[in-house]
>>> print(open('work.txt').read())   # compact mmCIF, C-alpha atoms
# COMPACT_ATOMS: atom_id res chain seq x y z
CA MET A 17 78.23 -141.38 -30.53
CA ALA A 18 74.57 -141.84 -31.39
CA GLY A 19 71.77 -144.22 -30.52
CA HIS A 20 68.07 -144.90 -30.11
CA TRP A 21 67.57 -147.76 -27.70
CA ASN A 22 65.77 -149.42 -24.73
CA LEU A 23 63.27 -151.36 -26.82
CA PRO A 24 60.64 -153.80 -25.54
CA HIS A 25 60.64 -157.49 -26.49
CA GLU A 26 59.11 -156.83 -29.90
CA TRP A 27 57.79 -153.68 -31.51
CA TRP A 28 56.96 -152.14 -34.85
CA GLY A 29 59.45 -152.71 -37.63
CA LEU A 30 59.94 -152.59 -41.38
CA SER A 31 59.46 -155.88 -43.22
CA PHE A 32 61.95 -156.03 -46.09
CA GLY A 33 60.21 -159.09 -47.56
CA GLY A 34 56.74 -157.60 -47.19
CA THR A 35 57.54 -154.14 -48.54
CA ASN A 36 60.19 -154.90 -51.16
CA ALA A 37 62.68 -152.70 -49.32
CA THR A 38 66.36 -153.52 -49.78
CA GLN A 39 67.94 -150.92 -47.46
CA LEU A 40 66.73 -148.83 -44.52
CA GLY A 41 68.48 -146.05 -42.64
CA ASP A 42 68.51 -142.52 -41.35
CA LYS A 43 70.52 -139.30 -41.41
CA VAL A 44 71.89 -138.48 -37.96
CA ASN A 45 74.10 -136.02 -36.14
CA LEU A 46 76.62 -137.91 -34.05
CA ALA A 47 77.61 -136.60 -30.65
CA SER A 48 81.05 -135.78 -32.05
CA SER A 49 83.36 -136.46 -34.93
CA SER A 50 85.33 -139.47 -33.76
CA ARG A 51 86.60 -142.93 -34.58
CA LEU A 52 83.92 -145.51 -35.40
CA GLY A 53 83.95 -148.58 -33.16
CA SER A 54 80.76 -150.55 -33.72
CA ALA A 55 77.16 -150.34 -34.88
CA THR A 56 74.30 -152.52 -33.64
CA VAL A 57 70.90 -152.94 -35.29
CA MET A 58 67.95 -154.65 -33.64
CA LEU A 59 66.31 -157.19 -35.95
CA ASN A 60 62.99 -159.00 -35.62
CA SER A 61 63.02 -162.57 -36.89
CA GLN A 62 59.55 -163.83 -37.83
CA ALA A 63 60.69 -166.97 -39.66
CA VAL A 64 59.16 -170.03 -37.95
CA TYR A 65 61.46 -172.86 -36.86
CA PRO A 66 60.84 -175.71 -39.34
CA GLY A 67 61.02 -178.35 -36.60
CA THR A 68 64.25 -180.03 -37.68
CA GLY A 69 67.83 -178.96 -38.25
CA SER A 70 69.53 -175.84 -36.96
CA MET A 71 67.52 -173.37 -34.89
CA THR A 72 69.27 -170.50 -36.67
CA PHE A 73 69.66 -169.44 -40.29
CA PRO A 74 72.59 -167.53 -41.84
CA VAL A 75 71.94 -164.06 -43.25
CA PRO A 76 74.58 -161.78 -44.79
CA ILE A 77 73.76 -158.22 -43.67
CA ILE A 78 75.45 -155.01 -44.81
CA PHE A 79 75.87 -151.92 -42.63
CA THR A 80 77.05 -148.83 -44.51
CA PHE A 81 77.89 -145.26 -43.55
CA TYR A 82 77.55 -142.62 -46.27
CA LYS A 83 78.55 -139.03 -46.60
CA PRO A 84 75.36 -136.93 -46.96
CA GLY A 85 74.64 -136.07 -50.57
CA THR A 86 75.06 -132.63 -52.08
CA THR A 87 71.34 -132.49 -52.89
CA GLY A 88 68.58 -132.91 -50.36
CA GLY A 89 67.53 -136.47 -49.64
CA SER A 90 70.51 -138.11 -51.34
CA VAL A 91 73.66 -139.90 -50.22
CA GLY A 92 77.25 -139.34 -51.28
CA ALA A 93 80.40 -141.42 -50.99
CA VAL A 94 80.67 -144.50 -48.78
CA LEU A 95 82.59 -143.70 -45.59
CA ALA A 96 82.68 -147.21 -44.11
CA THR A 97 80.91 -150.48 -44.82
CA GLN A 98 80.90 -154.01 -43.50
CA THR A 99 79.19 -157.21 -44.62
CA LYS A 100 78.79 -159.83 -41.92
CA THR A 101 76.91 -163.13 -41.84
CA PHE A 102 74.80 -163.59 -38.72
CA ASN A 103 73.18 -166.80 -37.48
CA VAL A 104 69.74 -165.39 -36.79
CA PRO A 105 67.36 -167.45 -34.60
CA TYR A 106 64.07 -168.79 -35.87
CA ARG A 107 61.00 -167.90 -33.84
CA PRO A 108 58.97 -170.67 -32.13
CA ALA A 109 55.89 -172.12 -33.77
CA GLY A 110 52.55 -170.43 -33.26
CA ASP A 111 50.35 -171.29 -30.28
CA PRO A 112 46.70 -171.33 -31.43
CA ILE A 113 45.46 -171.75 -27.84
CA ALA A 114 47.47 -169.22 -25.83
CA CYS A 115 47.47 -166.79 -28.78
CA ALA A 116 43.92 -167.34 -29.99
CA ALA A 117 42.10 -164.55 -31.82
CA SER A 118 40.30 -163.59 -28.61
CA THR A 119 43.53 -162.69 -26.80
CA ASN A 120 45.07 -159.23 -26.87
CA SER A 121 47.86 -158.32 -29.24
CA ILE A 122 50.89 -156.24 -28.23
CA PHE A 123 50.25 -154.26 -31.42
CA THR A 124 47.36 -151.87 -30.93
CA GLY A 125 44.67 -152.38 -33.56
CA TYR A 126 45.80 -155.88 -34.57
CA SER A 127 44.19 -159.04 -33.17
CA ASN A 128 46.03 -162.27 -32.50
CA THR A 129 45.31 -164.96 -35.06
CA GLY A 130 46.80 -168.05 -33.43
CA THR A 131 49.95 -167.79 -35.55
CA GLN A 132 51.95 -165.91 -32.90
CA TRP A 133 54.16 -167.72 -30.41
CA PHE A 134 53.56 -167.50 -26.67
CA ASP A 135 56.26 -166.46 -24.21
CA PRO A 136 55.41 -167.73 -20.71
CA ALA A 137 58.04 -165.42 -19.20
CA THR A 138 56.07 -162.33 -20.25
CA GLY A 139 52.63 -163.86 -20.72
CA SER A 140 52.40 -162.27 -24.18
CA CYS A 141 52.19 -163.40 -27.79
CA TYR A 142 54.72 -162.29 -30.40
CA TYR A 143 55.17 -162.44 -34.15
CA GLY A 144 58.96 -162.70 -33.90
CA VAL A 145 62.04 -162.77 -31.72
CA VAL A 146 64.45 -159.84 -31.39
CA TYR A 147 68.09 -160.28 -32.37
CA ALA A 148 70.91 -157.76 -31.99
CA ALA A 149 73.34 -157.73 -34.93
CA THR A 150 76.62 -155.96 -34.10
CA PHE A 151 79.15 -154.82 -36.67
CA THR A 152 82.68 -154.08 -35.45
CA PHE A 153 84.48 -151.60 -37.66
CA GLY A 154 88.18 -150.86 -37.78
CA ASP A 155 89.13 -147.33 -36.92
CA SER A 156 87.30 -145.25 -39.52
CA LYS A 157 86.74 -141.62 -38.67
CA LEU A 158 83.26 -140.31 -39.31
CA PRO A 159 82.16 -136.71 -39.76
CA THR A 160 79.57 -135.31 -37.39
CA THR A 161 76.68 -135.86 -39.82
CA VAL A 162 76.26 -139.20 -41.60
CA VAL A 163 73.64 -141.35 -43.33
CA TYR A 164 73.63 -145.01 -42.39
CA GLY A 165 71.91 -147.91 -44.10
CA VAL A 166 71.13 -151.54 -43.19
CA SER A 167 70.66 -153.96 -46.07
CA HIS A 168 69.96 -157.65 -46.63
CA ASP A 169 68.46 -159.86 -49.34
CA ALA A 170 64.86 -160.66 -48.38
CA THR A 171 63.70 -162.08 -51.69
CA SER A 172 63.49 -165.70 -50.53
CA GLY A 173 63.94 -168.13 -47.65
CA PRO A 174 63.76 -167.30 -43.93
CA ALA A 175 65.51 -163.96 -44.55
CA SER A 176 62.29 -162.78 -46.20
CA SER A 177 60.79 -162.75 -42.68
CA LEU A 178 63.61 -160.75 -41.12
CA ASN A 179 62.60 -157.18 -40.22
CA VAL A 180 64.51 -154.15 -39.01
CA GLN A 181 62.95 -153.07 -35.71
CA PHE A 182 61.96 -149.48 -35.06
CA SER A 183 62.52 -147.16 -32.13
CA THR A 184 61.06 -143.65 -31.87
CA GLU A 185 62.26 -140.08 -31.94
CA SER A 186 60.10 -138.83 -29.11
CA ALA A 187 59.26 -141.54 -26.57
CA ALA A 188 60.71 -144.54 -24.72
CA GLY A 189 63.66 -145.85 -26.69
CA ALA A 190 64.12 -142.49 -28.39
CA VAL A 191 67.31 -140.90 -29.70
CA THR A 192 69.41 -140.63 -26.56
CA VAL A 193 72.82 -139.46 -27.80
CA GLY A 194 73.36 -137.25 -30.81
CA SER A 195 70.25 -136.22 -32.77
CA ASP A 196 68.09 -137.05 -35.74
CA THR A 197 68.99 -134.61 -38.51
CA ASP A 198 65.65 -134.74 -40.34
CA PRO A 199 62.83 -135.77 -37.99
CA GLY A 200 59.95 -137.41 -39.83
CA ASN A 201 62.17 -138.65 -42.65
CA LEU A 202 63.92 -141.96 -43.28
CA PHE A 203 66.21 -143.28 -46.02
CA VAL A 204 64.87 -146.29 -47.91
CA GLN A 205 65.84 -148.20 -51.03
CA ALA A 206 63.41 -150.45 -52.89
CA GLY A 207 63.93 -153.33 -55.28
CA PRO A 208 61.89 -154.16 -58.39
CA GLY A 209 58.29 -155.19 -57.80
CA SER A 210 54.73 -154.01 -57.46
CA ASN A 211 54.70 -153.55 -53.70
CA ALA A 212 57.68 -151.25 -53.32
CA LEU A 213 57.69 -149.59 -49.90
CA GLY A 214 54.19 -150.87 -49.21
CA GLY A 215 52.80 -153.40 -46.75
CA ALA A 216 49.91 -153.67 -44.33
CA THR A 217 51.84 -152.68 -41.21
CA GLY A 218 54.94 -151.08 -42.68
CA GLN A 219 55.31 -147.61 -41.24
CA ILE A 220 56.70 -146.49 -44.59
CA THR A 221 53.78 -147.14 -46.92
CA CYS A 222 54.37 -145.45 -50.26
CA SER A 223 51.93 -147.36 -52.44
CA THR A 224 52.63 -144.99 -55.32
CA VAL A 225 56.33 -145.88 -55.34
CA VAL A 226 56.67 -148.89 -57.60
CA GLY A 227 59.86 -150.46 -58.91
CA SER A 228 63.51 -149.99 -58.08
CA THR A 229 64.55 -146.77 -56.31
CA PRO A 230 67.95 -145.51 -55.12
CA PHE A 231 68.75 -145.16 -51.44
CA GLN A 232 67.05 -141.82 -50.75
CA GLU A 233 65.04 -139.93 -48.16
CA TYR A 234 61.26 -140.24 -47.79
CA ASN A 235 58.86 -138.25 -45.65
CA THR A 236 57.12 -140.62 -43.23
CA ALA A 237 54.25 -138.28 -42.37
CA VAL A 238 50.70 -139.32 -43.14
CA GLY A 239 49.13 -137.67 -46.16
CA ALA A 240 49.13 -137.42 -49.92
CA THR A 241 52.82 -136.50 -50.06
CA GLY A 242 53.95 -138.68 -47.17
CA CYS A 243 54.49 -142.39 -46.64
CA GLY A 244 53.38 -142.87 -43.04
CA THR A 245 50.57 -144.74 -41.31
CA ASP A 246 48.83 -143.98 -38.02
CA THR A 247 50.02 -146.33 -35.30
CA GLN A 248 50.15 -146.18 -31.52
CA GLN A 249 52.72 -147.46 -29.05
CA SER A 250 49.97 -148.42 -26.62
CA PRO A 251 46.21 -147.89 -26.25
CA THR A 252 46.81 -144.65 -24.33
CA ALA A 253 49.82 -143.39 -26.29
CA PRO A 254 49.57 -140.61 -28.87
CA TYR A 255 49.74 -141.40 -32.55
CA GLU A 256 53.29 -141.05 -33.82
CA PRO A 257 53.18 -141.42 -37.61
CA ILE A 258 56.43 -139.50 -38.13
CA ALA A 259 58.39 -140.68 -35.13
CA PHE A 260 59.81 -144.02 -36.27
CA VAL A 261 63.56 -144.50 -36.63
CA PRO A 262 65.56 -147.74 -37.05
CA ALA A 263 66.63 -149.25 -33.73
CA VAL A 264 70.34 -148.64 -34.20
CA GLU A 265 73.16 -147.81 -31.81
CA ILE A 266 76.47 -146.36 -33.03
CA ASP A 267 79.46 -146.42 -30.69
CA SER A 268 82.88 -144.80 -30.93
CA ASN A 269 86.12 -146.68 -30.60
CA SER A 270 87.39 -146.65 -27.02
CA LYS A 271 91.05 -146.92 -28.06
>>> encode(input="work.txt", output="structure tokens")
Amino acid sequence: MAGHWNLPHEWWGLSFGGTNATQLGDKVNLASSSRLGSATVMLNSQAVYPGTGSMTFPVPIIFTFYKPGTTGGSVGAVLATQTKTFNVPYRPAGDPIACAASTNSIFTGYSNTGTQWFDPATGSCYYGVVYAATFTFGDSKLPTTVVYGVSHDATSGPASSLNVQFSTESAAGAVTVGSDTDPGNLFVQAGPGSNALGGATGQITCSTVVGSTPFQEYNTAVGATGCGTDTQQSPTAPYEPIAFVPAVEIDSNSK
């Protein structure tokens, strides 16, 4: 039905705990109006394994489909929703030798600090580990255009270090089936606090948005009226401040 996929091991994402976001999503045109089967969101777990106990931590996550609102940038009635508890893996402890400050970071413009973990299989250092959370819905029928949202409580514990990973609209991992209804715009909801929708590396950086907000659409372009930041996929890639979309895949029911 719709998807943006083929992501690398770890990439840019939105930190719910670091930005005070409580829900992230997008408005999309599905390939067709059909029965909903499943939805998968790629998460990035940056919570460090404490050294004892389980190597995973439980997180209730909500995936919701909304009818587009009657006014621009809003959402209407809930079409389908599911809350599911996932056992999300912790990431390994940091390697101050293999990931020393002198080594290259996979994130252009950001140096390693020794807190990242080292993956010998790829020879690279990472802040987190990627986890695919799949929601299996019943047989709900969706209209062609929907707004979806991913939500979890990131106010405390290891879930505060659980991010929603991004894909892009215009490059590798881009929207491959269906289409993005409003390129350069994402739906975000913020909780109470002084850092709503902010954060050093959050690609939605609305420092002027403070306090609780409803789930609504924001322009992610850079500028006085936008909430974007300049980032690159690689040292030779073009800047894509408006191209980020949640790494989500929506599939129809095969029945």
>>> residues_around(input="work.txt", residues="A:Gly89", least_positions_apart="4", cutoff="9 Å", atoms="all atoms listed in the file", output="list of chain:residue names")
A:Pro84, A:Gly85, A:Phe203, A:Phe231, A:Gln232, A:Glu233, A:Tyr234
>>> atom_distance(input="work.txt", atom1="atom CA of A:Asp169", atom2="atom CA of A:Phe123")
26.2 Å
>>> closest_residue(input="work.txt", among="A:Ser228, A:Thr97, A:Asn235, A:Ala206", to="A:Ala37", atoms="only C-alpha atoms")
A:Ala206
>>> atom_distance(input="work.txt", atom1="atom CA of A:Pro105", atom2="atom CA of A:Ser61")
6.9 Å
>>> closest_atom_pairs(input="work.txt", of="stretch 55-88 of chain A", to="stretch 135-149 of chain A", cutoff="10 Å", atoms="only C-alpha atoms", output="CSV")
residue,atom,partner,partner_atom,distance
A:Ala55,CA,A:Ala149,CA,8.3
A:Thr56,CA,A:Ala149,CA,5.5
A:Val57,CA,A:Ala149,CA,5.4
A:Met58,CA,A:Ala148,CA,4.6
A:Leu59,CA,A:Tyr147,CA,5.1
A:Asn60,CA,A:Val146,CA,4.6
A:Ser61,CA,A:Gly144,CA,5.0
A:Gln62,CA,A:Gly144,CA,4.1
A:Ala63,CA,A:Gly144,CA,7.4
A:Val64,CA,A:Gly144,CA,8.4
A:Ile77,CA,A:Ala149,CA,8.8
A:Phe79,CA,A:Ala149,CA,10.0
>>> closest_residue(input="work.txt", among="A:Gly200, A:Gly130, A:Gly165, A:Pro262", to="A:Val91", atoms="only C-alpha atoms")
A:Gly165
